[in-house]
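Participant: Could you have a look at this structure, given as structure tokens, before my questions?
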Amino acid sequence: MKNINVYGSGCKNCIATAEVLEKTATAIGVAIKVEKVTDLQAIMEAGVLTTPAISIDGKLVHSGSVPDQKMATAFLS
Amino acid sequence: MLVWFTYLANYITYDLLGLVKETPLANGLHFFIEDTSKILVLLLVLIYFIAIIRAALNPEKVRYYLQGKHRFIGYLLGSFFGSVTPFCSCSSIPLFMGFVSARIPLGVTIAFLLTSPLINEVVVVMLGSLLGLKFTIIYIAIGISLGIFAGFLIDVIKAERWLVPFLAKQYQSEQQVNPVQYTAHKMSLLARHQFAKEETLNIFKRVWKWVIIGVAIGALIHGVIPAQWFSDHLGAKQWWSVPLATVLAIPMYINATAIVPVLESLLLKGVPLGTTLAFCMSAVAVSLPEFMMLKQVMSKRLLFIIAAYLLVALSLLGWLFNAINL
């Protein structure tokens, strides 16, 4: 089970990012739990500069854009 | 080469549609066809090349460069990077917090944030193609200077007092912060091409409708409103027209892309350069949605100071340019 945080102010791109991750996870059969983090202080403490950003088990793996399916597969496997 | 777009507009307006020259409809339509075709083609080509050059630049890298720099160099670099670094306006807030938590002086961060909506590759391409090199350089110089002075002012008045509490605490805490690290990875030409291709398509998808909206407004002004009206109401003789223009521009939620064709048609109508610049830059820099967003990280008082600074600075610039009559 991977714990995934999606950081962002709740804009369209952050929702899209969470959707891509969930879809990819189902497709490749990885169990994940996605949480959307919108609290400003939490975003700052995670060291995020550009949103949407993704962390997996506490480690920042991506920021600044909605990942495509290929990128998401690379993060999750 | 740019004259091809005039030929295209001539052909469609006068030959294909058979409109009579110098009627409002013909003037407006000609303006619309020439500008939209010219801007859209140039944007596609030039954004690609700009993106190739700056493919490896990102906010993380900029933050790394800016930390620990002398303040005054910081203001200059902050303004400069604000104009060349690509980032989406929805990232303004995390960027702001990220810079503050790295203890980059608040003024430098503000300089960065203020110039970024004013100057970007789309605006520069449009200004260059519609208004020429001299005007583009003036515009960029003003944009960068606005950022530098804002940064200086922000630090002089110790504006960090007016950040929201958790940020103010972060900024002023005695605790030593570790400098942020950044490891640049080299980009191959193929990776740059890939980035540039995506960037061009993304930007194009985002701005084409703004181009059309802007040109349509410009065409409307060009075709319908007589030049006499402008010289009577917005001429250089009415000193109050400059501050009025900056204030009137505030509620216009228009981005820099759409403002350039409007700027062009105002200048063509003989509105003085200073008044035009003040109006257009105020419309772009003082935007209500942007300020609403910034309210999450700074107090109303600080926002008010920044807005007032922009209005005063743009009015002074407007008067200056009207007086020297470039």
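Ligands are numbered from 1 in the order shown, chains are lettered A, B, ... in the order of the structure tokens, and residues start at 1 in each chain.
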Taking only C-alpha atoms into account, which residues of chain A are within 10 Å of chain B, as a PyMOL selection string?
Facilitator: chain A and resi 7-13+40-41+43-52+64-65
Participant: List the neighbours of stretch 251-257 of chain B out to 6 Å using only C-alpha atoms; skip same-chain residues closer than 2 positions along the sequence, and give me the result as number ranges by chain.
Facilitator: B: 123, 249, 259, 283-284
Participant: How would the residues just chosen look if you wrote them out with N, CA and C atoms as a PDB file, in the first residue's frame?
Facilitator:
```pdb
ATOM      1  N   VAL B 123       3.634  37.828 -24.431  1.00  0.00           N
ATOM      2  CA  VAL B 123       3.516  39.278 -24.527  1.00  0.00           C
ATOM      3  C   VAL B 123       4.638  39.869 -25.366  1.00  0.00           C
ATOM      4  N   ALA B 249      -8.627  50.608 -15.178  1.00  0.00           N
ATOM      5  CA  ALA B 249      -8.137  49.318 -15.657  1.00  0.00           C
ATOM      6  C   ALA B 249      -8.232  48.224 -14.600  1.00  0.00           C
ATOM      7  N   ILE B 259      -4.274  42.205 -23.901  1.00  0.00           N
ATOM      8  CA  ILE B 259      -4.162  43.654 -23.799  1.00  0.00           C
ATOM      9  C   ILE B 259      -3.336  44.250 -24.949  1.00  0.00           C
ATOM     10  N   ALA B 283      -4.050  47.175 -16.090  1.00  0.00           N
ATOM     11  CA  ALA B 283      -5.030  46.101 -16.315  1.00  0.00           C
ATOM     12  C   ALA B 283      -4.401  44.735 -16.080  1.00  0.00           C
ATOM     13  N   VAL B 284      -3.128  44.596 -16.415  1.00  0.00           N
ATOM     14  CA  VAL B 284      -2.475  43.301 -16.276  1.00  0.00           C
ATOM     15  C   VAL B 284      -1.965  43.067 -14.849  1.00  0.00           C
TER      16      VAL B 284
END
```
Participant: Just want the 10 Å neighbourhood of B:Arg161, counted on only C-alpha atoms, with same-chain residues fewer than 2 positions away dropped. Output as a PyMOL selection string.
Facilitator: chain B and resi 157-159+163-165+167-169+171-172+298-299+302
Participant: Step one, run DSSP on the backbone; step two, keep only residues of stretch 136-227 of chain B assigned to helix (DSSP H, G or I); then write them as a PyMOL selection string.
Facilitator: chain B and resi 136-156+159-162+165-172+189-224+227
Participant: Dump C-alpha atoms for the selected residues as a PDB file, in the first residue's frame?
Facilitator:
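Result file is again_11.pdb:
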```pdb
ATOM      1  CA  THR B 136       8.912  46.218 -26.769  1.00  0.00           C
ATOM      2  CA  ILE B 137      12.142  47.334 -25.118  1.00  0.00           C
ATOM      3  CA  ILE B 138      10.375  50.218 -23.358  1.00  0.00           C
ATOM      4  CA  TYR B 139       7.694  47.855 -22.096  1.00  0.00           C
ATOM      5  CA  ILE B 140      10.189  45.303 -20.773  1.00  0.00           C
ATOM      6  CA  ALA B 141      12.331  47.989 -19.140  1.00  0.00           C
ATOM      7  CA  ILE B 142       9.292  49.427 -17.371  1.00  0.00           C
ATOM      8  CA  GLY B 143       8.124  45.994 -16.245  1.00  0.00           C
ATOM      9  CA  ILE B 144      11.516  45.074 -14.781  1.00  0.00           C
ATOM     10  CA  SER B 145      11.936  48.480 -13.102  1.00  0.00           C
ATOM     11  CA  LEU B 146       8.476  48.233 -11.527  1.00  0.00           C
ATOM     12  CA  GLY B 147       9.523  44.929  -9.982  1.00  0.00           C
ATOM     13  CA  ILE B 148      12.881  46.226  -8.720  1.00  0.00           C
ATOM     14  CA  PHE B 149      11.406  49.313  -7.050  1.00  0.00           C
ATOM     15  CA  ALA B 150       8.566  47.306  -5.547  1.00  0.00           C
ATOM     16  CA  GLY B 151      11.094  44.917  -4.033  1.00  0.00           C
ATOM     17  CA  PHE B 152      13.153  47.739  -2.620  1.00  0.00           C
ATOM     18  CA  LEU B 153      10.084  49.445  -1.168  1.00  0.00           C
ATOM     19  CA  ILE B 154       8.758  46.245   0.387  1.00  0.00           C
ATOM     20  CA  ASP B 155      11.988  45.707   2.297  1.00  0.00           C
ATOM     21  CA  VAL B 156      12.292  49.367   3.326  1.00  0.00           C
ATOM     22  CA  ALA B 159       6.511  44.448   4.957  1.00  0.00           C
ATOM     23  CA  GLU B 160       7.165  40.989   6.416  1.00  0.00           C
ATOM     24  CA  ARG B 161       5.150  42.207   9.415  1.00  0.00           C
ATOM     25  CA  TRP B 162       2.071  41.920   7.241  1.00  0.00           C
ATOM     26  CA  PRO B 165       1.142  34.667  10.892  1.00  0.00           C
ATOM     27  CA  PHE B 166       2.570  31.275   9.995  1.00  0.00           C
ATOM     28  CA  LEU B 167       4.647  32.758   7.178  1.00  0.00           C
ATOM     29  CA  ALA B 168       5.805  35.737   9.214  1.00  0.00           C
ATOM     30  CA  LYS B 169       6.969  33.320  11.899  1.00  0.00           C
ATOM     31  CA  GLN B 170       8.769  31.194   9.343  1.00  0.00           C
ATOM     32  CA  TYR B 171      10.467  34.250   7.825  1.00  0.00           C
ATOM     33  CA  GLN B 172      11.580  35.830  11.076  1.00  0.00           C
ATOM     34  CA  LEU B 189      18.550  18.325 -27.394  1.00  0.00           C
ATOM     35  CA  LEU B 190      15.836  15.740 -27.895  1.00  0.00           C
ATOM     36  CA  ALA B 191      14.479  16.358 -24.384  1.00  0.00           C
ATOM     37  CA  ARG B 192      14.503  20.082 -25.088  1.00  0.00           C
ATOM     38  CA  HIS B 193      12.628  19.557 -28.314  1.00  0.00           C
ATOM     39  CA  GLN B 194      10.067  17.405 -26.501  1.00  0.00           C
ATOM     40  CA  PHE B 195       9.619  20.054 -23.818  1.00  0.00           C
ATOM     41  CA  ALA B 196       9.367  22.852 -26.378  1.00  0.00           C
ATOM     42  CA  LYS B 197       6.800  20.980 -28.426  1.00  0.00           C
ATOM     43  CA  GLU B 198       4.572  20.390 -25.419  1.00  0.00           C
ATOM     44  CA  GLU B 199       5.100  23.908 -24.098  1.00  0.00           C
ATOM     45  CA  THR B 200       4.181  25.448 -27.441  1.00  0.00           C
ATOM     46  CA  LEU B 201       1.012  23.397 -27.746  1.00  0.00           C
ATOM     47  CA  ASN B 202       0.015  24.077 -24.127  1.00  0.00           C
ATOM     48  CA  ILE B 203       0.583  27.803 -24.406  1.00  0.00           C
ATOM     49  CA  PHE B 204      -1.136  27.956 -27.751  1.00  0.00           C
ATOM     50  CA  LYS B 205      -4.185  26.117 -26.423  1.00  0.00           C
ATOM     51  CA  ARG B 206      -4.312  28.497 -23.489  1.00  0.00           C
ATOM     52  CA  VAL B 207      -3.856  31.806 -25.270  1.00  0.00           C
ATOM     53  CA  TRP B 208      -5.526  31.562 -28.680  1.00  0.00           C
ATOM     54  CA  LYS B 209      -8.888  32.639 -27.334  1.00  0.00           C
ATOM     55  CA  TRP B 210      -7.291  35.564 -25.477  1.00  0.00           C
ATOM     56  CA  VAL B 211      -5.638  36.649 -28.701  1.00  0.00           C
ATOM     57  CA  ILE B 212      -8.984  36.623 -30.473  1.00  0.00           C
ATOM     58  CA  ILE B 213     -10.759  38.442 -27.632  1.00  0.00           C
ATOM     59  CA  GLY B 214      -8.009  41.058 -27.476  1.00  0.00           C
ATOM     60  CA  VAL B 215      -7.892  41.603 -31.200  1.00  0.00           C
ATOM     61  CA  ALA B 216     -11.678  41.784 -31.365  1.00  0.00           C
ATOM     62  CA  ILE B 217     -11.717  44.561 -28.767  1.00  0.00           C
ATOM     63  CA  GLY B 218      -8.870  46.268 -30.595  1.00  0.00           C
ATOM     64  CA  ALA B 219     -10.716  45.947 -33.911  1.00  0.00           C
ATOM     65  CA  LEU B 220     -13.880  47.373 -32.362  1.00  0.00           C
ATOM     66  CA  ILE B 221     -11.984  50.400 -31.089  1.00  0.00           C
ATOM     67  CA  HIS B 222     -10.220  50.686 -34.418  1.00  0.00           C
ATOM     68  CA  GLY B 223     -13.328  50.475 -36.544  1.00  0.00           C
ATOM     69  CA  VAL B 224     -16.003  52.175 -34.478  1.00  0.00           C
ATOM     70  CA  ALA B 227     -10.023  59.248 -33.170  1.00  0.00           C
TER      71      ALA B 227
END
```
Participant: If you count only C-alpha atoms, which residues fall within 10 Å of A:Met1, apart from same-chain ones fewer than 5 positions away, as a list of chain:residue names?
Facilitator: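 The filter keeps A:Val30, A:Ala31, A:Ile32, A:Lys33, A:Asp57.
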Participant: To one decimal place in Å, what is the distance between atom CA of B:Pro289 and atom CA of B:Leu113?
Facilitator: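 Atom-to-atom, atom CA of B:Pro289 to atom CA of B:Leu113, that is 14.3 Å.
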